[in-house]
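J.: Structure file run.cif, mmCIF, C-alpha atoms, is pasted below:
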data_my_file
loop_
_atom_site.label_atom_id
_atom_site.label_comp_id
_atom_site.auth_asym_id
_atom_site.auth_seq_id
_atom_site.Cartn_x
_atom_site.Cartn_y
_atom_site.Cartn_z
CA TYR A 1 -47.20 -60.16 15.95
CA TYR A 2 -49.22 -57.90 13.62
CA MET A 3 -47.68 -54.43 13.50
CA LYS A 4 -49.89 -51.37 13.29
CA PHE A 5 -49.27 -49.02 10.37
CA ALA A 6 -47.16 -46.43 12.22
CA THR A 7 -44.82 -49.21 13.30
CA LYS A 8 -44.75 -50.80 9.84
CA VAL A 9 -43.43 -47.67 8.15
CA ILE A 10 -40.41 -47.74 10.47
CA HIS A 11 -39.74 -51.47 10.84
CA ALA A 12 -41.57 -53.71 8.32
CA GLY A 13 -39.14 -55.48 6.00
CA ILE A 14 -36.18 -53.56 7.40
CA GLU A 15 -33.24 -54.95 9.35
CA PRO A 16 -29.93 -53.29 10.29
CA ASP A 17 -27.28 -53.90 7.63
CA ALA A 18 -25.67 -57.28 8.32
CA THR A 19 -22.14 -56.15 7.47
CA SER A 20 -22.01 -52.86 9.39
CA GLY A 21 -25.06 -52.63 11.64
CA ALA A 22 -26.20 -49.47 9.81
CA ILE A 23 -29.76 -48.71 10.90
CA MET A 24 -30.56 -47.10 7.55
CA THR A 25 -30.60 -49.40 4.53
CA PRO A 26 -27.39 -48.71 2.58
CA ILE A 27 -27.42 -47.54 -1.04
CA PHE A 28 -25.87 -50.46 -2.93
CA GLN A 29 -24.56 -48.44 -5.85
CA THR A 30 -23.27 -51.28 -7.97
CA SER A 31 -24.06 -52.73 -11.39
CA THR A 32 -22.81 -56.27 -10.75
CA TYR A 33 -21.73 -58.69 -8.01
CA VAL A 34 -18.64 -60.91 -7.68
CA GLN A 35 -19.32 -64.65 -7.79
CA ASP A 36 -17.21 -67.29 -6.01
CA ALA A 37 -17.65 -69.63 -8.98
CA PRO A 38 -20.03 -69.71 -11.97
CA GLY A 39 -23.53 -69.70 -10.46
CA VAL A 40 -22.18 -69.58 -6.89
CA HIS A 41 -23.05 -66.20 -5.39
CA LYS A 42 -24.79 -64.48 -2.49
CA GLY A 43 -28.18 -64.21 -4.20
CA PHE A 44 -27.19 -61.30 -6.43
CA GLU A 45 -25.87 -61.50 -9.98
CA TYR A 46 -26.73 -58.32 -11.87
CA ALA A 47 -28.29 -55.11 -10.54
CA ARG A 48 -31.09 -54.90 -13.11
CA THR A 49 -32.33 -58.22 -11.76
CA GLN A 50 -31.70 -57.70 -8.04
CA ASN A 51 -30.39 -54.97 -5.79
CA PRO A 52 -30.30 -55.18 -1.96
CA THR A 53 -31.67 -51.63 -1.49
CA ARG A 54 -34.53 -52.35 -3.89
CA ASN A 55 -35.27 -55.69 -2.21
CA VAL A 56 -35.74 -53.98 1.17
CA LEU A 57 -38.11 -51.43 -0.35
CA GLN A 58 -40.10 -54.11 -2.19
CA ASN A 59 -40.55 -56.02 1.06
CA GLN A 60 -41.66 -52.93 2.93
CA LEU A 61 -44.15 -51.91 0.25
CA ALA A 62 -45.65 -55.39 0.33
CA ALA A 63 -46.08 -55.09 4.10
CA LEU A 64 -47.70 -51.64 3.89
CA GLU A 65 -50.30 -52.84 1.38
CA ASN A 66 -50.87 -56.14 3.23
CA GLY A 67 -49.56 -58.03 0.21
CA ASN A 68 -46.87 -60.66 -0.20
CA HIS A 69 -44.79 -59.32 -3.08
CA GLY A 70 -43.61 -55.82 -4.00
CA ILE A 71 -42.18 -55.00 -7.43
CA CYS A 72 -40.52 -51.62 -8.02
CA PHE A 73 -40.14 -49.66 -11.25
CA ALA A 74 -38.50 -46.50 -12.54
CA SER A 75 -41.81 -44.58 -12.56
CA GLY A 76 -45.52 -45.03 -12.04
CA LEU A 77 -45.99 -45.32 -15.80
CA ALA A 78 -43.26 -47.96 -16.00
CA ALA A 79 -45.27 -49.89 -13.41
CA THR A 80 -48.42 -49.40 -15.50
CA ASP A 81 -46.54 -50.59 -18.58
CA ALA A 82 -45.47 -53.78 -16.78
CA ILE A 83 -49.04 -54.58 -15.70
CA VAL A 84 -50.40 -54.13 -19.23
CA LYS A 85 -47.66 -56.49 -20.47
CA LEU A 86 -49.37 -59.27 -18.52
CA PHE A 87 -51.93 -59.28 -21.34
CA GLN A 88 -51.84 -59.68 -25.10
CA GLN A 89 -53.37 -58.75 -28.43
CA GLY A 90 -57.17 -59.03 -28.41
CA ASP A 91 -57.48 -58.72 -24.62
CA HIS A 92 -59.92 -56.16 -23.23
CA ILE A 93 -59.29 -53.84 -20.27
CA ILE A 94 -61.97 -51.72 -18.60
CA SER A 95 -60.91 -48.50 -16.90
CA CYS A 96 -62.42 -45.37 -15.33
CA ASN A 97 -63.54 -42.56 -17.60
CA ASP A 98 -62.00 -40.17 -15.06
CA LEU A 99 -58.35 -41.13 -14.67
CA TYR A 100 -54.81 -39.84 -14.92
CA GLY A 101 -54.03 -38.64 -18.44
CA GLY A 102 -50.79 -40.62 -18.61
CA THR A 103 -52.66 -43.86 -17.97
CA TYR A 104 -55.17 -42.98 -20.69
CA ARG A 105 -52.30 -42.20 -23.04
CA ILE A 106 -50.38 -45.45 -22.52
CA PHE A 107 -53.59 -47.48 -22.87
CA THR A 108 -54.84 -45.83 -26.05
CA LYS A 109 -51.74 -44.58 -27.84
CA VAL A 110 -49.15 -47.20 -26.93
CA TYR A 111 -51.06 -50.45 -26.44
CA GLY A 112 -54.09 -49.61 -28.57
CA LYS A 113 -51.97 -49.94 -31.71
CA PHE A 114 -50.90 -53.43 -30.64
CA GLY A 115 -54.47 -54.68 -30.85
CA MET A 116 -55.52 -54.37 -27.22
CA ASP A 117 -58.99 -53.03 -26.50
CA PHE A 118 -59.85 -50.47 -23.80
CA SER A 119 -63.19 -49.22 -22.49
CA PHE A 120 -63.59 -46.18 -20.24
CA VAL A 121 -66.71 -46.12 -18.08
CA ASP A 122 -68.16 -44.27 -15.11
CA MET A 123 -67.19 -46.65 -12.31
CA THR A 124 -69.20 -44.87 -9.63
CA ASP A 125 -72.01 -47.14 -10.87
CA VAL A 126 -70.76 -50.75 -10.93
CA THR A 127 -73.51 -51.64 -13.41
CA ASN A 128 -71.57 -49.70 -16.04
CA ILE A 129 -68.60 -52.02 -15.51
CA GLU A 130 -70.77 -55.13 -15.75
CA ASN A 131 -72.30 -53.88 -19.00
CA ALA A 132 -68.81 -53.35 -20.45
CA ILE A 133 -67.50 -56.86 -19.65
CA THR A 134 -67.00 -59.13 -22.67
CA PRO A 135 -65.57 -62.67 -23.00
CA LYS A 136 -62.23 -60.99 -23.81
CA THR A 137 -62.14 -58.81 -20.68
CA LYS A 138 -59.06 -59.63 -18.61
CA LEU A 139 -58.61 -56.64 -16.27
CA ILE A 140 -60.59 -53.90 -14.54
CA TRP A 141 -58.40 -50.87 -13.80
CA VAL A 142 -59.70 -48.72 -10.93
CA GLU A 143 -58.63 -45.30 -9.70
CA THR A 144 -60.14 -44.19 -6.43
CA PRO A 145 -60.25 -41.37 -5.55
CA THR A 146 -60.16 -40.53 -9.25
CA ASN A 147 -57.97 -37.92 -10.87
CA PRO A 148 -58.93 -35.08 -10.97
CA MET A 149 -62.66 -35.21 -10.11
CA LEU A 150 -62.19 -37.09 -6.82
CA ASN A 151 -64.92 -39.61 -7.56
CA ILE A 152 -65.03 -42.70 -5.36
CA VAL A 153 -65.25 -46.25 -6.70
CA ASP A 154 -66.51 -49.07 -4.47
CA ILE A 155 -63.49 -51.39 -4.54
CA ALA A 156 -65.18 -54.32 -2.79
CA ALA A 157 -68.18 -54.19 -5.16
CA VAL A 158 -65.92 -54.07 -8.23
CA CYS A 159 -63.86 -57.01 -6.94
CA ALA A 160 -66.97 -59.08 -6.25
CA LEU A 161 -68.15 -58.45 -9.81
CA ALA A 162 -64.72 -59.25 -11.25
CA LYS A 163 -64.47 -62.57 -9.44
CA LYS A 164 -67.87 -63.56 -10.81
CA HIS A 165 -66.47 -63.06 -14.32
CA ASN A 166 -62.95 -64.36 -13.59
CA VAL A 167 -61.38 -60.95 -14.28
CA LEU A 168 -58.42 -59.39 -12.47
CA VAL A 169 -58.71 -56.04 -10.64
CA CYS A 170 -55.92 -53.47 -10.41
CA VAL A 171 -56.36 -50.44 -8.15
CA ASP A 172 -54.27 -47.30 -8.57
CA ASN A 173 -53.84 -46.32 -4.93
CA THR A 174 -51.65 -43.26 -5.57
CA PHE A 175 -54.15 -40.64 -4.36
CA ALA A 176 -54.97 -42.47 -1.13
CA SER A 177 -51.66 -44.14 -0.18
CA PRO A 178 -51.67 -47.36 1.88
CA TYR A 179 -52.18 -45.23 4.98
CA LEU A 180 -55.73 -44.44 3.91
CA GLN A 181 -56.79 -47.62 2.09
CA THR A 182 -55.51 -51.12 1.30
CA PRO A 183 -57.27 -52.43 -1.84
CA LEU A 184 -55.85 -55.97 -1.54
CA ASP A 185 -57.86 -56.35 1.68
CA LEU A 186 -60.99 -55.47 -0.31
CA GLY A 187 -60.37 -58.16 -2.93
CA ALA A 188 -58.11 -56.46 -5.49
CA ASP A 189 -55.44 -58.55 -7.22
CA ILE A 190 -52.97 -55.77 -7.97
CA VAL A 191 -52.18 -52.40 -6.36
CA ILE A 192 -50.15 -49.80 -8.20
CA HIS A 193 -48.55 -46.57 -7.01
CA SER A 194 -46.76 -43.67 -8.48
CA ALA A 195 -44.40 -43.78 -5.50
CA THR A 196 -43.21 -40.35 -6.62
CA LYS A 197 -46.20 -38.98 -4.76
CA TYR A 198 -47.17 -39.77 -1.13
CA LEU A 199 -44.81 -42.69 -0.64
CA GLY A 200 -41.75 -40.58 -1.47
CA GLY A 201 -43.45 -37.47 -0.20
CA HIS A 202 -40.67 -34.94 -0.79
CA SER A 203 -40.87 -34.19 -4.54
CA ASP A 204 -37.31 -35.43 -5.10
CA VAL A 205 -37.65 -38.81 -6.82
CA ILE A 206 -39.54 -40.55 -9.66
CA HIS A 207 -40.62 -44.08 -8.79
CA GLY A 208 -43.33 -46.70 -9.32
CA ALA A 209 -44.49 -49.72 -7.34
CA VAL A 210 -46.78 -52.73 -7.70
CA VAL A 211 -47.94 -54.99 -4.87
CA VAL A 212 -49.73 -58.36 -5.18
CA LYS A 213 -50.58 -61.32 -2.99
CA ASP A 214 -50.49 -64.10 -5.59
CA LYS A 215 -47.05 -65.65 -6.22
CA SER A 216 -47.68 -66.63 -9.82
CA LEU A 217 -48.77 -63.08 -10.63
CA ALA A 218 -45.70 -61.75 -8.81
CA ASP A 219 -43.41 -64.09 -10.75
CA GLN A 220 -44.80 -62.78 -14.04
CA LEU A 221 -44.24 -59.20 -12.92
CA TYR A 222 -40.69 -59.93 -11.68
CA PHE A 223 -39.99 -61.49 -15.07
CA ILE A 224 -41.27 -58.36 -16.87
CA GLN A 225 -39.34 -56.12 -14.46
CA ASN A 226 -36.10 -57.90 -15.37
CA ALA A 227 -36.83 -58.54 -19.05
CA SER A 228 -38.00 -55.01 -19.87
CA GLY A 229 -35.56 -53.35 -17.47
CA ALA A 230 -37.50 -50.28 -16.32
CA VAL A 231 -36.02 -50.58 -12.82
CA PRO A 232 -35.31 -47.84 -10.27
CA GLY A 233 -31.77 -47.15 -9.14
CA PRO A 234 -30.70 -47.80 -5.54
CA GLN A 235 -30.56 -44.06 -4.73
CA ASP A 236 -34.22 -43.74 -5.79
CA CYS A 237 -35.18 -46.74 -3.65
CA PHE A 238 -33.33 -45.24 -0.69
CA LEU A 239 -35.27 -41.98 -1.06
CA ILE A 240 -38.61 -43.82 -1.10
CA LEU A 241 -37.57 -45.80 1.99
CA ARG A 242 -36.68 -42.51 3.67
CA GLY A 243 -40.00 -40.92 2.69
CA ILE A 244 -42.10 -43.85 3.88
CA LYS A 245 -40.91 -43.40 7.47
CA THR A 246 -43.07 -40.28 7.84
CA LEU A 247 -45.91 -41.35 5.52
CA HIS A 248 -48.53 -41.64 8.24
CA ILE A 249 -47.65 -38.29 9.84
CA ARG A 250 -47.54 -36.44 6.53
CA VAL A 251 -50.79 -37.84 5.16
CA GLU A 252 -52.60 -37.31 8.46
CA ARG A 253 -51.64 -33.63 8.55
CA ALA A 254 -52.37 -33.11 4.85
CA CYS A 255 -55.84 -34.66 5.26
CA GLU A 256 -56.59 -32.32 8.17
CA ASN A 257 -55.55 -29.34 6.04
CA ALA A 258 -57.60 -30.54 3.06
CA GLU A 259 -60.76 -30.73 5.18
CA LYS A 260 -60.38 -27.08 6.21
CA ILE A 261 -59.48 -25.87 2.72
CA ALA A 262 -62.36 -27.72 1.07
CA ALA A 263 -64.78 -26.10 3.55
CA PHE A 264 -63.31 -22.67 2.80
CA LEU A 265 -63.64 -23.15 -0.97
CA ALA A 266 -67.23 -24.40 -0.66
CA SER A 267 -68.17 -21.14 1.07
CA HIS A 268 -66.41 -18.86 -1.41
CA PRO A 269 -68.78 -16.81 -3.61
CA LYS A 270 -66.57 -17.18 -6.72
CA VAL A 271 -66.36 -20.98 -6.49
CA GLU A 272 -68.92 -23.00 -8.44
CA LYS A 273 -68.21 -26.52 -7.19
CA VAL A 274 -65.73 -28.28 -4.89
CA ASN A 275 -64.86 -31.93 -5.42
CA TYR A 276 -63.92 -33.49 -2.07
CA PRO A 277 -65.07 -36.92 -0.79
CA GLY A 278 -65.25 -35.64 2.78
CA PHE A 279 -68.42 -33.68 2.03
CA VAL A 280 -71.61 -35.48 3.06
CA SER A 281 -73.09 -34.23 -0.21
CA HIS A 282 -70.39 -36.02 -2.24
CA LYS A 283 -71.86 -38.90 -4.23
CA GLY A 284 -69.22 -41.33 -2.95
CA HIS A 285 -69.01 -40.08 0.64
CA GLU A 286 -70.44 -43.19 2.31
CA ILE A 287 -68.25 -45.53 0.25
CA ALA A 288 -65.21 -43.41 1.06
CA LYS A 289 -66.07 -43.64 4.76
CA LYS A 290 -66.24 -47.41 4.41
CA GLN A 291 -63.00 -48.03 2.52
CA MET A 292 -60.76 -45.11 3.51
CA LYS A 293 -59.35 -44.05 6.87
CA LYS A 294 -59.67 -40.36 5.93
CA PHE A 295 -60.80 -38.56 2.79
CA GLY A 296 -57.42 -37.74 1.30
CA ALA A 297 -55.53 -34.52 0.70
CA MET A 298 -56.56 -33.85 -2.91
CA VAL A 299 -59.21 -31.24 -3.69
CA SER A 300 -60.40 -29.91 -7.05
CA PHE A 301 -62.76 -27.03 -7.73
CA SER A 302 -64.26 -25.03 -10.58
CA LEU A 303 -64.99 -21.34 -10.72
CA LYS A 304 -68.31 -19.64 -11.41
CA ASP A 305 -66.49 -17.75 -14.13
CA ASP A 306 -65.76 -20.86 -16.18
CA SER A 307 -63.30 -19.18 -18.54
CA LEU A 308 -59.75 -20.29 -19.03
CA ALA A 309 -58.56 -16.78 -18.20
CA ALA A 310 -60.24 -16.81 -14.77
CA ALA A 311 -58.56 -20.11 -13.90
CA HIS A 312 -55.23 -18.81 -15.20
CA LYS A 313 -55.49 -15.77 -12.93
CA VAL A 314 -55.91 -17.95 -9.84
CA LEU A 315 -53.17 -20.34 -10.94
CA SER A 316 -50.76 -17.46 -11.44
CA SER A 317 -51.58 -15.59 -8.22
CA THR A 318 -50.83 -18.02 -5.40
CA LYS A 319 -47.68 -17.56 -3.32
CA LEU A 320 -47.64 -20.70 -1.15
CA PHE A 321 -49.38 -23.05 -3.57
CA SER A 322 -46.74 -23.68 -6.24
CA LEU A 323 -47.96 -24.03 -9.83
CA ALA A 324 -46.45 -27.37 -10.74
CA GLU A 325 -47.12 -30.91 -11.91
CA SER A 326 -47.34 -33.79 -9.42
CA LEU A 327 -48.83 -34.17 -5.94
CA GLY A 328 -48.30 -35.80 -2.57
CA GLY A 329 -45.29 -33.80 -1.41
CA VAL A 330 -44.92 -31.88 1.83
CA GLU A 331 -45.53 -28.63 -0.08
CA SER A 332 -48.90 -27.59 -1.49
CA LEU A 333 -49.27 -27.56 -5.27
CA ILE A 334 -51.86 -26.06 -7.60
CA GLY A 335 -52.45 -27.33 -11.12
CA HIS A 336 -54.68 -27.03 -14.17
CA PRO A 337 -55.77 -30.52 -15.30
CA ALA A 338 -57.08 -29.43 -18.71
CA SER A 339 -53.66 -28.17 -19.82
CA MET A 340 -51.32 -30.11 -17.54
CA THR A 341 -52.09 -33.57 -16.19
CA HIS A 342 -54.91 -34.39 -18.60
CA GLY A 343 -53.74 -32.66 -21.77
CA SER A 344 -53.56 -35.96 -23.68
CA ILE A 345 -57.27 -36.67 -23.16
CA PRO A 346 -59.40 -35.23 -26.00
CA LEU A 347 -61.43 -32.13 -25.12
CA GLU A 348 -64.84 -33.77 -25.53
CA GLU A 349 -63.82 -36.74 -23.38
CA ARG A 350 -62.53 -34.39 -20.67
CA LYS A 351 -65.70 -32.33 -20.60
CA LYS A 352 -67.85 -35.44 -20.16
CA THR A 353 -66.16 -36.11 -16.82
CA GLY A 354 -66.10 -32.49 -15.66
CA VAL A 355 -62.52 -31.56 -16.55
CA VAL A 356 -63.56 -28.11 -17.75
CA ASP A 357 -61.23 -25.20 -18.46
CA SER A 358 -61.82 -23.58 -15.07
CA LEU A 359 -61.14 -26.75 -13.07
CA ILE A 360 -58.25 -26.34 -10.63
CA ARG A 361 -56.62 -29.20 -8.72
CA LEU A 362 -54.94 -28.81 -5.36
CA SER A 363 -52.49 -31.14 -3.67
CA ILE A 364 -52.65 -30.05 -0.05
CA GLY A 365 -49.35 -30.15 1.82
CA ILE A 366 -48.46 -30.01 5.49
CA GLU A 367 -48.08 -26.24 5.93
CA ASP A 368 -50.30 -24.27 8.30
CA ALA A 369 -53.87 -24.48 7.01
CA ASP A 370 -54.63 -20.84 7.84
CA ASP A 371 -51.74 -19.66 5.67
CA LEU A 372 -52.89 -21.85 2.78
CA ILE A 373 -56.45 -20.54 3.05
CA GLU A 374 -55.21 -16.95 3.07
CA ASP A 375 -53.15 -17.68 -0.04
CA LEU A 376 -56.20 -19.05 -1.89
CA LYS A 377 -58.38 -16.20 -0.63
CA ASN A 378 -55.98 -13.66 -2.14
CA ALA A 379 -55.63 -15.56 -5.41
CA ILE A 380 -59.34 -16.19 -6.03
CA GLY A 381 -60.17 -12.61 -5.07
CA LYS A 382 -57.90 -11.06 -7.69
CA HIS A 383 -59.32 -8.70 -10.33
CA LYS A 384 -61.20 -9.89 -13.41
CA PRO A 385 -58.80 -10.53 -16.33
CA THR A 386 -58.63 -7.94 -19.10
CA THR A 387 -59.19 -8.85 -22.76
CA LYS A 388 -55.43 -8.57 -23.32
CA GLU A 389 -54.73 -10.99 -20.45
CA TRP A 390 -57.35 -13.41 -21.77
CA PHE A 391 -55.77 -13.58 -25.22
CA ALA A 392 -52.30 -13.99 -23.74
CA THR A 393 -53.59 -16.92 -21.68
CA ALA A 394 -55.34 -18.45 -24.69
CA ARG A 395 -52.11 -18.32 -26.70
CA ASN A 396 -50.20 -20.04 -23.92
CA TYR A 397 -52.92 -22.64 -23.51
CA ALA A 398 -52.78 -23.45 -27.23
CA LEU A 399 -49.15 -24.50 -26.77
CA TYR A 400 -50.11 -27.10 -24.19
CA SER A 401 -53.58 -28.27 -25.23
CA ASN A 402 -52.60 -30.97 -27.67
CA GLU A 403 -53.09 -34.69 -27.92
CA SER A 404 -49.39 -35.53 -28.01
CA GLY A 405 -49.53 -35.77 -24.23
CA LEU A 406 -46.06 -34.29 -23.84
CA TYR A 407 -47.17 -32.10 -20.95
CA ASP A 408 -49.42 -34.36 -18.91
CA ASP A 409 -46.92 -35.94 -16.52
CA ILE A 410 -48.84 -35.74 -13.30
#
So, in terms of structure tokens, how does the structure I just supplied come out?

T.:
Amino acid sequence: YYMKFATKVIHAGIEPDATSGAIMTPIFQTSTYVQDAPGVHKGFEYARTQNPTRNVLQNQLAALENGNHGICFASGLAATDAIVKLFQQGDHIISCNDLYGGTYRIFTKVYGKFGMDFSFVDMTDVTNIENAITPKTKLIWVETPTNPMLNIVDIAAVCALAKKHNVLVCVDNTFASPYLQTPLDLGADIVIHSATKYLGGHSDVIHGAVVVKDKSLADQLYFIQNASGAVPGPQDCFLILRGIKTLHIRVERACENAEKIAAFLASHPKVEKVNYPGFVSHKGHEIAKKQMKKFGAMVSFSLKDDSLAAAHKVLSSTKLFSLAESLGGVESLIGHPASMTHGSIPLEERKKTGVVDSLIRLSIGIEDADDLIEDLKNAIGKHKPTTKEWFATARNYALYSNESGLYDDI
């Protein structure tokens, strides 16, 4: 029997504990397992390699993404690291030109020095991807919706192109969650999540996940998981399992709120542009309608006053929107991509994709939408910054705007 999503988040891959009947998966807080004789054991030898709590989560994640194998990691970037380790010196990877700064950083600053080649293109036009493919291209890395401009990439079209050239496709599904889209169903080979975000949903755990259908690909990733050791602890896995149970309810409510907030921002006289795939005017609206259940709960916008000081004033004036890194929790967050999540991307590269100084990113939570709108109304309507305030902001910004990438953890 094929379970619908709301049933999957409660039951898929989960059975009551065999020893106690506990309905919640226990936290197996152990580093090793007793063997009856050398090589004779109950399927568990060492907790880096296997853990019962992690196994349950991996099975559930596979079910949610309509895959066959889930592989968990200590963070989203640890998951990214494992995927890149599938490849070697001289291999070429194509990625979005609008993507999470941490992904850009690990590609260029960690693996670039090992002789791997990366291209960053505008994936809203698949022709750009085709033009970038070389005989050494091994992977196309897609983010959709993208971070932070909320561009939409046609997953099915990218996958069709990739298969023609015998290239793998990985889709970062963090912004959408498996509730809104399932890239494996559209032809992708790999799905990755920062499970810290919507899957966990409560801003209390760092976690990463990869899901695939192909067993040989899964075996390679399980090998890297064990060999490199960037595994999550059982407590972290338990928290993700707990968060997943309300994934559909949380994302549904957050999407409803985002729709109202995006409409409010679009009508505000001080707002220059709102990036939200739910608008009919959005370049990727029709594709989003085709491949997503709803349009997501992320919104970004720029101000007509495009100064850093104007953005800083809004960022510092909200009461309900907390100024913080990350996204996907039950609470609403406000952030400044240029100095926070995308600080490791060079200024000129950022500006090409629209990550200007006044760009503000919102992660819409599940609070009352009217309260959130009132909070933004008060913040955007604050007085124009004085010269003194502007210089104070500029000094602070200088501390964070650097290419070390120390401050761009999403």

J.: Work out how far apart CA of Val274 in chain A and CA of Tyr179 in chain A are and give it in Å to one decimal.

T.: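 Computing it gives 23.8 Å between the two atoms.
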
J.: Just give me the residues with any atom within 12 Å of (-53.8, -30.7, -2.0), file coordinates, counting all atoms listed in the file, written as an MDAnalysis selection string.

T.: chainID A and resid 148 150 175:176 197:198 251 253:262 275:276 295:301 320:335 360:367 369 372:373 376

J.: Which value, in Å to one decimal, gives the distance between CA of Val121 in chain A and CA of Ser95 in chain A?

T.: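 For CA of Val121 in chain A relative to CA of Ser95 in chain A, the distance reads 6.4 Å.
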
J.: Of the candidates A:Tyr104, A:Phe279, A:Phe73, A:Tyr46, which shows the shortest atom-to-atom distance to Val231 in chain A, using all atoms listed in the file?

T.: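 Counting all atoms listed in the file, the residue closest to Val231 in chain A is A:Phe73.
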
J.: Give me, please, the distance in Å between CA of Arg250 in chain A and CA of Gln60 in chain A, quoted to one decimal.

T.: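 That distance, rounded to one decimal, is 17.9 Å.
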
J.: Skipping near chain neighbours, those fewer than 5 positions away, what residues fall within 8 Å of range 22-37 of chain A using only C-alpha atoms, listed as an MDAnalysis selection string?

T.: chainID A and resid 14:17 42 44:48 51:53 56 234:235 238
